[in-house]
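Reproduced below: structure.txt, with compact mmCIF, C-alpha atoms.
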```txt
# COMPACT_ATOMS: atom_id res chain seq x y z
CA MET A 81 -65.23 77.23 30.23
CA THR A 82 -67.56 77.81 27.31
CA LEU A 83 -66.92 74.34 25.84
CA PRO A 84 -67.73 72.42 29.04
CA VAL A 85 -70.84 74.56 29.66
CA SER A 86 -72.05 74.06 26.09
CA TYR A 87 -71.37 70.34 26.24
CA GLY A 88 -73.10 70.04 29.62
CA CYS A 89 -76.24 71.73 28.28
CA TRP A 90 -76.21 69.51 25.20
CA LEU A 91 -75.70 66.35 27.25
CA LEU A 92 -78.55 67.11 29.64
CA CYS A 93 -80.91 68.14 26.85
CA SER A 94 -80.10 65.10 24.72
CA ALA A 95 -80.57 62.81 27.74
CA ASN A 96 -83.97 64.42 28.43
CA VAL A 97 -82.98 65.30 31.98
CA ALA A 98 -85.73 67.18 33.79
CA SER A 99 -85.31 70.94 33.99
CA ALA A 100 -84.54 70.82 37.71
CA GLY A 101 -82.24 68.76 39.84
CA ALA A 102 -78.62 68.05 40.53
CA PRO A 103 -77.24 67.87 36.97
CA TRP A 104 -78.76 71.22 36.04
CA MET A 105 -77.46 72.77 39.28
CA ILE A 106 -73.95 71.74 38.27
CA VAL A 107 -74.37 73.31 34.83
CA ALA A 108 -75.99 76.41 36.36
CA SER A 109 -72.96 76.84 38.62
CA GLN A 110 -70.74 76.75 35.55
CA VAL A 111 -72.91 79.30 33.77
CA CYS A 112 -72.70 81.63 36.80
CA HIS A 113 -68.92 81.20 36.89
CA LEU A 114 -68.53 81.88 33.16
CA PRO A 115 -68.47 85.73 33.27
CA PHE A 116 -65.72 85.70 35.90
CA SER A 117 -63.70 83.15 33.97
CA MET A 118 -64.07 85.10 30.73
CA ALA A 119 -63.10 88.37 32.42
CA TYR A 120 -59.95 86.77 33.84
CA HIS A 121 -58.97 85.22 30.53
CA ILE A 122 -59.56 88.49 28.68
CA CYS A 123 -57.30 90.11 31.28
CA CYS A 124 -54.65 87.43 30.64
CA ALA A 125 -54.86 88.07 26.91
CA ARG A 126 -54.41 91.81 27.45
CA ILE A 127 -51.35 91.14 29.62
CA ALA A 128 -49.93 88.81 26.96
CA SER A 129 -50.35 91.56 24.37
CA GLY A 130 -48.34 93.98 26.51
CA VAL A 131 -51.09 95.93 28.26
CA PRO A 132 -50.19 96.51 31.93
CA VAL A 133 -53.19 95.21 33.89
CA ASP A 134 -53.47 94.03 37.49
CA ASP A 135 -55.01 90.61 37.04
CA THR A 136 -55.31 89.89 40.78
CA PRO A 137 -59.02 90.71 41.29
CA TYR A 138 -59.94 88.88 38.08
CA ARG A 139 -57.92 85.82 39.08
CA CYS A 140 -59.42 85.80 42.56
CA LEU A 141 -62.96 86.04 41.17
CA ASP A 142 -62.29 83.25 38.66
CA GLN A 143 -60.75 80.94 41.25
CA SER A 144 -63.43 81.81 43.82
CA GLY A 145 -65.97 80.68 41.25
CA THR A 146 -64.07 77.43 40.87
CA HIS A 147 -64.43 76.81 44.61
CA VAL A 148 -68.16 77.65 44.52
CA MET A 149 -68.57 75.16 41.65
CA ALA A 150 -66.69 72.52 43.68
CA THR A 151 -69.07 73.04 46.60
CA ILE A 152 -72.14 72.75 44.38
CA THR A 153 -70.71 69.69 42.63
CA PHE A 154 -70.11 68.03 46.01
CA LEU A 155 -73.68 68.83 47.08
CA CYS A 156 -75.15 67.48 43.86
CA LEU A 157 -73.08 64.30 43.79
CA SER A 158 -73.36 63.53 47.51
CA GLN A 159 -77.02 64.61 47.74
CA SER A 160 -76.27 65.49 51.34
CA GLY A 161 -76.73 68.96 52.71
CA VAL A 162 -75.20 67.85 56.00
CA PHE A 163 -71.97 66.57 54.44
CA THR A 164 -71.81 69.69 52.30
CA LEU A 165 -72.19 71.96 55.34
CA VAL A 166 -69.61 69.97 57.31
CA LEU A 167 -67.01 69.24 54.60
CA ALA A 168 -67.24 71.05 51.28
CA LEU A 169 -68.61 74.43 52.33
CA PRO A 170 -66.10 75.14 55.13
CA TRP A 171 -63.14 73.97 53.04
CA ASN A 172 -64.08 75.99 49.98
CA ALA A 173 -65.00 79.04 52.07
CA TYR A 174 -61.53 78.82 53.63
CA CYS A 175 -59.98 78.55 50.16
CA ILE A 176 -61.87 81.61 48.94
CA CYS A 177 -60.81 83.61 52.01
CA MET A 178 -57.18 82.62 51.46
CA LEU A 179 -57.41 83.68 47.80
CA TRP A 180 -58.43 87.18 48.76
CA LEU A 181 -56.43 87.60 51.96
CA ARG A 182 -53.16 86.50 50.35
CA ALA A 183 -53.95 87.60 46.82
CA LYS A 184 -50.65 89.38 46.22
CA THR A 185 -48.34 87.58 48.65
CA GLU A 186 -49.01 83.87 48.43
CA VAL A 187 -46.91 81.58 46.27
CA ARG A 188 -48.84 80.31 43.29
CA TYR A 189 -48.64 76.59 44.03
CA SER A 190 -50.48 77.01 47.35
CA ARG A 191 -53.61 78.09 45.45
CA PHE A 192 -53.25 75.09 43.14
CA VAL A 193 -52.88 72.67 46.04
CA ARG A 194 -56.12 74.00 47.55
CA MET A 195 -57.89 73.71 44.18
CA PHE A 196 -56.63 70.13 43.87
CA VAL A 197 -58.01 69.26 47.32
CA SER A 198 -61.30 70.96 46.39
CA ALA A 199 -61.53 68.86 43.24
CA LEU A 200 -60.77 65.66 45.16
CA LEU A 201 -63.44 66.57 47.68
CA ALA A 202 -65.99 67.47 44.99
CA LEU A 203 -65.43 64.19 43.16
CA SER A 204 -65.25 61.98 46.26
CA PRO A 205 -68.99 61.17 46.35
CA MET A 206 -68.51 59.25 43.09
CA ALA A 207 -65.98 57.00 44.82
CA PHE A 208 -68.20 56.59 47.89
CA ASN A 209 -71.10 55.65 45.61
CA GLU A 210 -68.82 53.20 43.76
CA GLN A 211 -69.19 55.01 40.45
CA TRP A 212 -65.66 53.99 39.59
CA ARG A 213 -65.79 54.70 35.86
CA ASN A 214 -67.00 58.26 36.41
CA TRP A 215 -64.63 58.86 39.31
CA LEU A 216 -61.56 57.50 37.50
CA GLY A 217 -62.52 59.30 34.29
CA SER A 218 -63.01 62.63 36.03
CA MET A 219 -59.80 62.20 38.03
CA PHE A 220 -57.86 61.38 34.86
CA CYS A 221 -59.29 64.45 33.11
CA PHE A 222 -58.43 66.64 36.08
CA ALA A 223 -54.89 65.24 36.22
CA ALA A 224 -54.40 65.60 32.46
CA GLY A 225 -55.76 69.15 32.51
CA SER A 226 -53.50 70.02 35.43
CA ALA A 227 -50.48 68.57 33.61
CA LEU A 228 -51.31 70.56 30.47
CA PHE A 229 -51.65 73.72 32.56
CA GLY A 230 -48.31 73.02 34.22
CA LEU A 231 -46.66 72.53 30.83
CA ASP A 232 -48.09 75.77 29.43
CA ALA A 233 -44.69 77.40 28.79
CA LEU A 234 -43.32 74.23 27.20
CA LEU A 235 -46.42 74.03 24.98
CA GLY A 236 -45.96 77.59 23.75
CA GLY A 237 -48.94 78.96 25.68
CA TRP A 238 -51.32 76.19 24.57
CA GLY A 239 -51.34 74.32 27.89
CA HIS A 240 -53.86 76.59 29.58
CA PRO A 241 -56.40 76.49 26.72
CA LEU A 242 -55.96 72.72 26.40
CA MET A 243 -56.66 72.41 30.12
CA HIS A 244 -60.02 74.05 29.47
CA VAL A 245 -60.70 71.64 26.59
CA MET A 246 -60.15 68.80 29.09
CA GLY A 247 -63.12 70.28 30.93
CA VAL A 248 -65.43 68.68 28.36
CA PRO A 249 -64.76 65.04 29.27
CA TYR A 250 -64.37 66.12 32.92
CA ILE A 251 -67.91 67.53 33.03
CA HIS A 252 -69.16 64.52 31.08
CA TYR A 253 -68.13 62.17 33.88
CA ILE A 254 -69.51 64.49 36.57
CA LEU A 255 -72.88 64.93 34.88
CA THR A 256 -73.11 61.23 34.05
CA ALA A 257 -72.65 60.51 37.76
CA ALA A 258 -75.29 63.10 38.68
CA ILE A 259 -77.94 61.89 36.21
```
Take the structure from the file and write it as structure tokens.
Amino acid sequence: MTLPVSYGCWLLCSANVASAGAPWMIVASQVCHLPFSMAYHICCARIASGVPVDDTPYRCLDQSGTHVMATITFLCLSQSGVFTLVLALPWNAYCICMLWLRAKTEVRYSRFVRMFVSALLALSPMAFNEQWRNWLGSMFCFAAGSALFGLDALLGGWGHPLMHVMGVPYIHYILTAAI
């Protein structure tokens, strides 16, 4: 998460984007999510080093932050509070509730399916606004990052970090659409 946040700040500063508005809201949502993401990944590192830690609350906080970011991204790209209240907010609120209610019982792929739908929803305003380059680019980055994450074991543990690296071009396309 630190690379996409850093890149997003650099992109908006270098493009002289005003200090308020949709692009900065997207970056601000990432900054707010960053502590939860870092805490979860520190927990994962401790588990990998043999320390017995219950990662469930950390995972739920991290993934809840992902759904909050998806809602804010939808709002910023659609520029519609009504559509956000009707589509993105209820869906992502449901996803967050499911994360916590089924934290220890739900099969892993169900969470990933919901995150995939959240990403599709968050990026959909680009397609509706016919920003095809940004939509296709962000969708490709999301798909590539998801594939890397899925191949984590095959990649010797490097799939998850590489997924986060794919967040840099992913946020590039999102912020370019929002500018």
At what distance in Å, to one decimal, does atom CA of Cys140 of chain A lie from atom CA of Trp180 of chain A?
->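 Result for atom CA of Trp180 of chain A versus atom CA of Cys140 of chain A: 6.4 Å, one decimal.
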With distances taken over only C-alpha atoms, which of A:Asn96, A:Ser144, A:Gln159, A:Thr151 is nearest to Ala183 of chain A?
->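 Comparing A:Asn96, A:Ser144, A:Gln159, A:Thr151 against Ala183 of chain A, the winner is A:Ser144.
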Find the distance between atom CA of Gln211 of chain A and atom CA of Ala257 of chain A and write it in Å to one decimal.
->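 Interatomic distance here is 7.0 Å.
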Determine, counting only C-alpha atoms, which protein, DNA and RNA residues have an atom within 10 Å of an atom of Leu141 of chain A; residues of the same chain fewer than 3 positions away are not included. Present the result as a list in words.
->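 Surrounding residues, per the criterion: His113, Pro115, Phe116, Ser117, Ala119, Tyr120, Thr136, Pro137, Tyr138, Ser144, Gly145, Thr146, His147, Ile176, Leu179 and Trp180 of chain A.
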Could you name the residues that touch Ala202 of chain A at 9 Å or less, counting only C-alpha atoms, but leaving out those on the same chain fewer than 2 positions away, as a PyMOL selection string?
-> chain A and resi 149-155+157-158+168+197-200+204-206
Which is closest to Cys112 of chain A among A:Val148, A:Val133, A:Val166, A:Cys89, if we use all atoms listed in the file?
->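 Of the candidates, the smallest distance to Cys112 of chain A is held by A:Val148.
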Give the answer as one residue: which of A:Ser160, A:Tyr189, A:Glu210, A:Met105 has the shortest atom-to-atom distance to Gly230 of chain A, using all atoms listed in the file?
->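 Residue with the minimum atom-to-atom distance to Gly230 of chain A: A:Tyr189.
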Selected residue, from A:Ser226, A:Ser109, A:Ser129, A:Gln143, that lies nearest to Ala173 of chain A when counting all atoms listed in the file |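 That would be A:Gln143, the residue with the smallest distance to Ala173 of chain A.
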So how many Å separate atom CA of Ala227 of chain A and atom CA of Met246 of chain A, to one decimal?
->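 Atom-to-atom, atom CA of Ala227 of chain A to atom CA of Met246 of chain A, that is 10.7 Å.
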Check the smallest atom-to-atom distance from each of A:Leu83, A:Phe163, A:Arg191, A:Ala108 to Cys175 of chain A using only C-alpha atoms, then report the winner.
->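 Under the stated criterion, the closest residue is A:Arg191.
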Compute the distance from (-78.1, 63.1, 30.0) to each atom, counting all atoms listed in the file, keep the residues with any atom at most 12 Å away, and return them as a PyMOL selection string; use the coordinates of the file.
-> chain A and resi 87-99+102-104+107+251-259
Can I get the selection written as a JSON list (two decimals), in the coordinates of the input, with C-alpha atoms?
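Saved as selection_28.json:
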```json
[["chain", "number", "residue", "atom", "x", "y", "z"],
["A", 87, "TYR", "CA", -71.37, 70.34, 26.24],
["A", 88, "GLY", "CA", -73.10, 70.04, 29.62],
["A", 89, "CYS", "CA", -76.24, 71.73, 28.28],
["A", 90, "TRP", "CA", -76.21, 69.51, 25.20],
["A", 91, "LEU", "CA", -75.70, 66.35, 27.25],
["A", 92, "LEU", "CA", -78.55, 67.11, 29.64],
["A", 93, "CYS", "CA", -80.91, 68.14, 26.85],
["A", 94, "SER", "CA", -80.10, 65.10, 24.72],
["A", 95, "ALA", "CA", -80.57, 62.81, 27.74],
["A", 96, "ASN", "CA", -83.97, 64.42, 28.43],
["A", 97, "VAL", "CA", -82.98, 65.30, 31.98],
["A", 98, "ALA", "CA", -85.73, 67.18, 33.79],
["A", 99, "SER", "CA", -85.31, 70.94, 33.99],
["A", 102, "ALA", "CA", -78.62, 68.05, 40.53],
["A", 103, "PRO", "CA", -77.24, 67.87, 36.97],
["A", 104, "TRP", "CA", -78.76, 71.22, 36.04],
["A", 107, "VAL", "CA", -74.37, 73.31, 34.83],
["A", 251, "ILE", "CA", -67.91, 67.53, 33.03],
["A", 252, "HIS", "CA", -69.16, 64.52, 31.08],
["A", 253, "TYR", "CA", -68.13, 62.17, 33.88],
["A", 254, "ILE", "CA", -69.51, 64.49, 36.57],
["A", 255, "LEU", "CA", -72.88, 64.93, 34.88],
["A", 256, "THR", "CA", -73.11, 61.23, 34.05],
["A", 257, "ALA", "CA", -72.65, 60.51, 37.76],
["A", 258, "ALA", "CA", -75.29, 63.10, 38.68],
["A", 259, "ILE", "CA", -77.94, 61.89, 36.21]]
```
Counting only C-alpha atoms, what is within 8 Å of Gly217 of chain A, bar same-chain residues fewer than 4 positions away, as a PyMOL selection string?
-> chain A and resi 213+221+249-250+253
Top pick for closest residue to Trp171 of chain A, considering A:Met118, A:Arg194, A:Cys156, A:Leu242 and counting all atoms listed in the file |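 Between A:Met118, A:Arg194, A:Cys156, A:Leu242, the residue approaching Trp171 of chain A most closely is A:Arg194.
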